[in-house]
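Have a look at my_file22.csv; it's CSV, N, CA and C atoms:
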chain,number,residue,atom,x,y,z
A,268,MET,N,3.5,60.9,38.3
A,268,MET,CA,2.5,61.5,39.2
A,268,MET,C,1.1,61.1,38.7
A,269,THR,N,0.3,60.7,39.6
A,269,THR,CA,-1.0,60.1,39.3
A,269,THR,C,-2.0,61.2,39.0
A,270,ARG,N,-1.9,62.4,39.6
A,270,ARG,CA,-2.8,63.4,39.4
A,270,ARG,C,-2.1,64.7,38.9
A,271,PRO,N,-2.2,64.9,37.6
A,271,PRO,CA,-1.5,66.1,37.1
A,271,PRO,C,-2.3,67.4,37.5
A,272,GLY,N,-1.6,68.4,37.7
A,272,GLY,CA,-2.3,69.6,38.2
A,272,GLY,C,-1.5,70.9,37.9
A,273,LYS,N,-1.9,72.0,38.5
A,273,LYS,CA,-1.2,73.2,38.3
A,273,LYS,C,-0.6,73.6,39.6
A,274,CYS,N,0.6,74.2,39.5
A,274,CYS,CA,1.3,74.6,40.7
A,274,CYS,C,0.5,75.7,41.4
A,275,CYS,N,0.4,75.5,42.7
A,275,CYS,CA,-0.3,76.4,43.5
A,275,CYS,C,-1.8,76.5,43.4
A,276,ASP,N,-2.4,75.6,42.5
A,276,ASP,CA,-3.9,75.6,42.3
A,276,ASP,C,-4.6,74.6,43.1
A,277,GLN,N,-3.9,73.6,43.6
A,277,GLN,CA,-4.6,72.5,44.4
A,277,GLN,C,-3.9,72.3,45.7
A,278,ASN,N,-4.6,71.6,46.6
A,278,ASN,CA,-4.0,71.5,47.9
A,278,ASN,C,-3.5,70.1,48.2
A,279,TYR,N,-3.7,69.1,47.2
A,279,TYR,CA,-3.3,67.7,47.4
A,279,TYR,C,-2.9,67.1,46.1
A,280,THR,N,-1.7,66.5,46.1
A,280,THR,CA,-1.2,65.8,45.0
A,280,THR,C,-0.6,64.5,45.4
A,281,GLU,N,-1.1,63.4,44.8
A,281,GLU,CA,-0.6,62.1,45.1
A,281,GLU,C,0.6,61.7,44.2
A,282,ILE,N,1.7,61.2,44.9
A,282,ILE,CA,3.0,60.9,44.2
A,282,ILE,C,3.2,59.4,44.3
A,283,GLU,N,3.8,58.9,43.3
A,283,GLU,CA,4.2,57.5,43.3
A,283,GLU,C,5.7,57.4,43.5
A,284,ALA,N,6.2,56.3,44.0
A,284,ALA,CA,7.6,56.1,44.2
A,284,ALA,C,8.4,56.3,42.9
A,285,LYS,N,7.9,56.0,41.8
A,285,LYS,CA,8.6,56.2,40.5
A,285,LYS,C,8.8,57.7,40.2
A,286,ASP,N,8.0,58.6,40.8
A,286,ASP,CA,8.1,60.0,40.6
A,286,ASP,C,9.2,60.7,41.4
A,287,LEU,N,9.9,59.9,42.3
A,287,LEU,CA,10.9,60.5,43.1
A,287,LEU,C,12.2,60.7,42.4
A,288,PRO,N,13.1,61.6,42.7
A,288,PRO,CA,12.9,62.6,43.8
A,288,PRO,C,11.8,63.6,43.4
A,289,LEU,N,11.2,64.1,44.5
A,289,LEU,CA,10.0,65.0,44.3
A,289,LEU,C,10.5,66.4,44.4
A,290,CYS,N,10.0,67.2,43.4
A,290,CYS,CA,10.2,68.7,43.5
A,290,CYS,C,8.9,69.4,43.2
A,291,CYS,N,8.8,70.6,43.7
A,291,CYS,CA,7.6,71.4,43.5
A,291,CYS,C,8.1,72.7,42.9
A,292,PRO,N,7.5,73.2,41.8
A,292,PRO,CA,6.5,72.5,41.0
A,292,PRO,C,7.1,71.3,40.3
A,293,THR,N,6.2,70.3,40.0
A,293,THR,CA,6.7,69.1,39.4
A,293,THR,C,6.7,69.3,37.9
A,294,PRO,N,7.5,68.5,37.1
A,294,PRO,CA,7.6,68.7,35.7
A,294,PRO,C,6.2,68.7,35.0
A,295,GLY,N,5.3,67.9,35.5
A,295,GLY,CA,4.0,67.8,34.9
A,295,GLY,C,3.0,68.9,35.1
A,296,MET,N,3.4,69.9,36.0
A,296,MET,CA,2.5,71.0,36.3
A,296,MET,C,2.6,72.0,35.2
A,297,SER,N,1.5,72.6,34.8
A,297,SER,CA,1.4,73.5,33.7
A,297,SER,C,2.1,74.9,34.0
A,298,ARG,N,2.0,75.2,35.3
A,298,ARG,CA,2.6,76.5,35.7
A,298,ARG,C,4.0,76.2,36.4
A,299,TRP,N,4.9,75.7,35.6
A,299,TRP,CA,6.2,75.4,36.2
A,299,TRP,C,7.0,76.5,36.8
A,300,ASP,N,6.6,77.7,36.4
A,300,ASP,CA,7.3,78.9,36.9
A,300,ASP,C,6.5,79.6,38.0
A,301,GLY,N,5.6,78.9,38.7
A,301,GLY,CA,4.8,79.5,39.8
A,301,GLY,C,5.7,80.0,40.9
A,302,HIS,N,6.8,79.3,41.2
A,302,HIS,CA,7.7,79.7,42.3
A,302,HIS,C,9.0,78.9,42.0
A,303,PRO,N,10.1,79.3,42.7
A,303,PRO,CA,11.3,78.5,42.5
A,303,PRO,C,11.2,77.0,42.7
A,304,ARG,N,11.8,76.2,42.0
A,304,ARG,CA,11.8,74.8,42.2
A,304,ARG,C,12.5,74.4,43.5
A,305,VAL,N,11.8,73.6,44.3
A,305,VAL,CA,12.4,73.2,45.5
A,305,VAL,C,12.2,71.6,45.6
A,306,PHE,N,13.2,70.9,46.1
A,306,PHE,CA,13.2,69.5,46.2
A,306,PHE,C,12.6,69.2,47.6
A,307,LEU,N,11.7,68.2,47.7
A,307,LEU,CA,11.0,67.9,49.0
A,307,LEU,C,11.3,66.5,49.4
A,308,LYS,N,11.6,66.3,50.7
A,308,LYS,CA,11.8,65.0,51.2
A,308,LYS,C,10.5,64.4,51.7
A,309,ILE,N,10.0,63.4,51.0
A,309,ILE,CA,8.7,62.7,51.3
A,309,ILE,C,8.9,61.3,51.6
A,310,GLU,N,10.1,60.7,51.4
A,310,GLU,CA,10.3,59.3,51.5
A,310,GLU,C,10.1,58.7,52.9
A,311,GLU,N,10.5,59.5,53.9
A,311,GLU,CA,10.4,59.0,55.3
A,311,GLU,C,9.1,59.1,56.0
A,312,THR,N,8.4,60.2,55.7
A,312,THR,CA,7.1,60.4,56.3
A,312,THR,C,5.9,60.1,55.5
A,313,GLY,N,6.0,60.0,54.2
A,313,GLY,CA,4.9,59.7,53.3
A,313,GLY,C,4.1,60.9,52.9
A,314,GLU,N,4.4,62.1,53.4
A,314,GLU,CA,3.8,63.3,53.0
A,314,GLU,C,4.7,64.5,53.3
A,315,VAL,N,4.5,65.6,52.5
A,315,VAL,CA,5.3,66.8,52.7
A,315,VAL,C,4.5,67.9,52.1
A,316,ARG,N,4.7,69.1,52.7
A,316,ARG,CA,4.0,70.3,52.2
A,316,ARG,C,5.0,71.3,51.6
A,317,CYS,N,4.8,71.8,50.4
A,317,CYS,CA,5.7,72.8,49.8
A,317,CYS,C,5.7,74.1,50.6
A,318,PRO,N,6.9,74.5,51.0
A,318,PRO,CA,7.0,75.8,51.8
A,318,PRO,C,6.6,77.0,51.0
A,319,TYR,N,6.6,76.9,49.7
A,319,TYR,CA,6.3,78.1,48.9
A,319,TYR,C,4.8,78.3,48.6
A,320,CYS,N,4.1,77.2,48.1
A,320,CYS,CA,2.7,77.3,47.7
A,320,CYS,C,1.8,76.5,48.6
A,321,GLY,N,2.3,75.7,49.5
A,321,GLY,CA,1.5,75.0,50.5
A,321,GLY,C,0.9,73.7,49.9
A,322,THR,N,1.2,73.3,48.7
A,322,THR,CA,0.6,72.1,48.1
A,322,THR,C,1.1,70.9,49.0
A,323,LEU,N,0.1,70.0,49.4
A,323,LEU,CA,0.4,68.9,50.1
A,323,LEU,C,0.7,67.7,49.1
A,324,TYR,N,1.8,67.0,49.3
A,324,TYR,CA,2.1,65.9,48.5
A,324,TYR,C,2.0,64.7,49.4
A,325,VAL,N,1.4,63.6,48.9
A,325,VAL,CA,1.2,62.4,49.6
A,325,VAL,C,1.8,61.2,48.8
A,326,LEU,N,2.6,60.4,49.4
A,326,LEU,CA,3.2,59.3,48.7
A,326,LEU,C,2.3,58.1,48.7
A,327,LYS,N,1.9,57.7,47.5
A,327,LYS,CA,1.0,56.6,47.4
A,327,LYS,C,1.6,55.3,48.1
A,328,GLY,N,0.9,54.7,49.0
A,328,GLY,CA,1.5,53.5,49.7
A,328,GLY,C,2.2,53.9,50.9
A,329,GLY,N,2.3,55.1,51.3
A,329,GLY,CA,2.9,55.5,52.5
A,329,GLY,C,4.5,55.7,52.4
A,330,PRO,N,5.1,55.9,53.6
A,330,PRO,CA,6.6,56.0,53.6
A,330,PRO,C,7.3,54.8,53.0
A,331,LEU,N,8.4,55.1,52.4
A,331,LEU,CA,9.3,54.0,51.8
A,331,LEU,C,10.0,53.4,52.9
A,332,LYS,N,10.2,52.1,52.8
A,332,LYS,CA,11.0,51.3,53.8
A,332,LYS,C,12.4,51.5,53.5
A,333,GLN,N,13.2,51.7,54.5
A,333,GLN,CA,14.7,51.9,54.3
A,333,GLN,C,15.4,50.6,54.3
A,334,ALA,N,16.4,50.4,53.5
A,334,ALA,CA,17.2,49.2,53.6
A,334,ALA,C,17.9,49.1,54.9
A,335,GLY,N,18.1,47.9,55.5
A,335,GLY,CA,18.7,47.7,56.8
A,335,GLY,C,20.1,48.3,56.8
A,336,GLY,N,20.4,49.0,57.9
A,336,GLY,CA,21.7,49.6,58.1
A,336,GLY,C,22.0,50.9,57.4
A,337,HIS,N,20.9,51.4,56.7
A,337,HIS,CA,21.2,52.7,55.9
A,337,HIS,C,20.3,53.8,56.5
Could you render the structure from this file as structure tokens?
Amino acid sequence: MTRPGKCCDQNYTEIEAKDLPLCCPTPGMSRWDGHPRVFLKIEETGEVRCPYCGTLYVLKGGPLKQAGGH
């Protein structure tokens, strides 16, 4: 994750492909127990909002390209 933060304290977090799979709160967040951990699908759209705290996650570089036929 390029921007460490606290669960539920910020509205925007940039994620890199190496940080996938994405969960909120992320392991790097200091308040890891802010709400139950939930895995979020960000690969196809390039952004996703946590249903618990509303944090917006944005995938650096945009959506991931899928391999042909998958």
Given the point (11.0, 58.2, 52.7) in the coordinates of this file, which residues lie within 6.5 Å, counting all atoms listed in the file, and how would they look as a PDB file with N, CA and C atoms, in the coordinates of the input?
ATOM      1  N   LYS A 308      11.600  66.300  50.700  1.00  0.00           N
ATOM      2  CA  LYS A 308      11.800  65.000  51.200  1.00  0.00           C
ATOM      3  C   LYS A 308      10.500  64.400  51.700  1.00  0.00           C
ATOM      4  N   ILE A 309      10.000  63.400  51.000  1.00  0.00           N
ATOM      5  CA  ILE A 309       8.700  62.700  51.300  1.00  0.00           C
ATOM      6  C   ILE A 309       8.900  61.300  51.600  1.00  0.00           C
ATOM      7  N   GLU A 310      10.100  60.700  51.400  1.00  0.00           N
ATOM      8  CA  GLU A 310      10.300  59.300  51.500  1.00  0.00           C
ATOM      9  C   GLU A 310      10.100  58.700  52.900  1.00  0.00           C
ATOM     10  N   GLU A 311      10.500  59.500  53.900  1.00  0.00           N
ATOM     11  CA  GLU A 311      10.400  59.000  55.300  1.00  0.00           C
ATOM     12  C   GLU A 311       9.100  59.100  56.000  1.00  0.00           C
ATOM     13  N   THR A 312       8.400  60.200  55.700  1.00  0.00           N
ATOM     14  CA  THR A 312       7.100  60.400  56.300  1.00  0.00           C
ATOM     15  C   THR A 312       5.900  60.100  55.500  1.00  0.00           C
ATOM     16  N   GLY A 313       6.000  60.000  54.200  1.00  0.00           N
ATOM     17  CA  GLY A 313       4.900  59.700  53.300  1.00  0.00           C
ATOM     18  C   GLY A 313       4.100  60.900  52.900  1.00  0.00           C
ATOM     19  N   PRO A 330       5.100  55.900  53.600  1.00  0.00           N
ATOM     20  CA  PRO A 330       6.600  56.000  53.600  1.00  0.00           C
ATOM     21  C   PRO A 330       7.300  54.800  53.000  1.00  0.00           C
ATOM     22  N   LEU A 331       8.400  55.100  52.400  1.00  0.00           N
ATOM     23  CA  LEU A 331       9.300  54.000  51.800  1.00  0.00           C
ATOM     24  C   LEU A 331      10.000  53.400  52.900  1.00  0.00           C
ATOM     25  N   LYS A 332      10.200  52.100  52.800  1.00  0.00           N
ATOM     26  CA  LYS A 332      11.000  51.300  53.800  1.00  0.00           C
ATOM     27  C   LYS A 332      12.400  51.500  53.500  1.00  0.00           C
TER      28      LYS A 332
END
* Structure fact -> A straight line from atom CA of A:Pro294 to atom CA of A:Phe306 spans 11.9 Å
* **Interatomic distance (Å, one decimal) between atom CA of A:Pro303 and atom CA of A:Gly328** => 27.8 Å
* Within 5 Å of A:Ile282, counting all atoms listed in the file, which residues show up once you throw out same-chain ones fewer than 4 positions away? Write them as number ranges by chain, please. => A: 325-327
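Distances from A:Gly301, A:Val315, A:Leu307, A:Gly321 to A:Leu289 were compared using all atoms listed in the file, and the smallest one belongs to A:Leu307.
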What are the centre and the three edge lengths of an axis-aligned box that wraps all atoms of stretch 305-319 of chain A in the file, given that 6 Å is added to every side, written as lines of an AutoDock Vina configuration file and rounded to one decimal in Å?
center_x = 8.5
center_y = 68.5
center_z = 50.3
size_x = 21.4
size_y = 31.6
size_z = 24.0
* Identify, on the basis of only N, CA and C atoms, every residue whose closest approach to A:Tyr324 does not exceed 5 Å; exclude the query and any residue fewer than 5 positions from it along the same chain; express the result as an MDAnalysis selection string. => chainID A and resid 280 314:316
Requested write-out: N, CA and C atoms of the selected residues, as a PDB file, in the coordinates of the input:
ATOM      1  N   THR A 280      -1.700  66.500  46.100  1.00  0.00           N
ATOM      2  CA  THR A 280      -1.200  65.800  45.000  1.00  0.00           C
ATOM      3  C   THR A 280      -0.600  64.500  45.400  1.00  0.00           C
ATOM      4  N   GLU A 314       4.400  62.100  53.400  1.00  0.00           N
ATOM      5  CA  GLU A 314       3.800  63.300  53.000  1.00  0.00           C
ATOM      6  C   GLU A 314       4.700  64.500  53.300  1.00  0.00           C
ATOM      7  N   VAL A 315       4.500  65.600  52.500  1.00  0.00           N
ATOM      8  CA  VAL A 315       5.300  66.800  52.700  1.00  0.00           C
ATOM      9  C   VAL A 315       4.500  67.900  52.100  1.00  0.00           C
ATOM     10  N   ARG A 316       4.700  69.100  52.700  1.00  0.00           N
ATOM     11  CA  ARG A 316       4.000  70.300  52.200  1.00  0.00           C
ATOM     12  C   ARG A 316       5.000  71.300  51.600  1.00  0.00           C
TER      13      ARG A 316
END
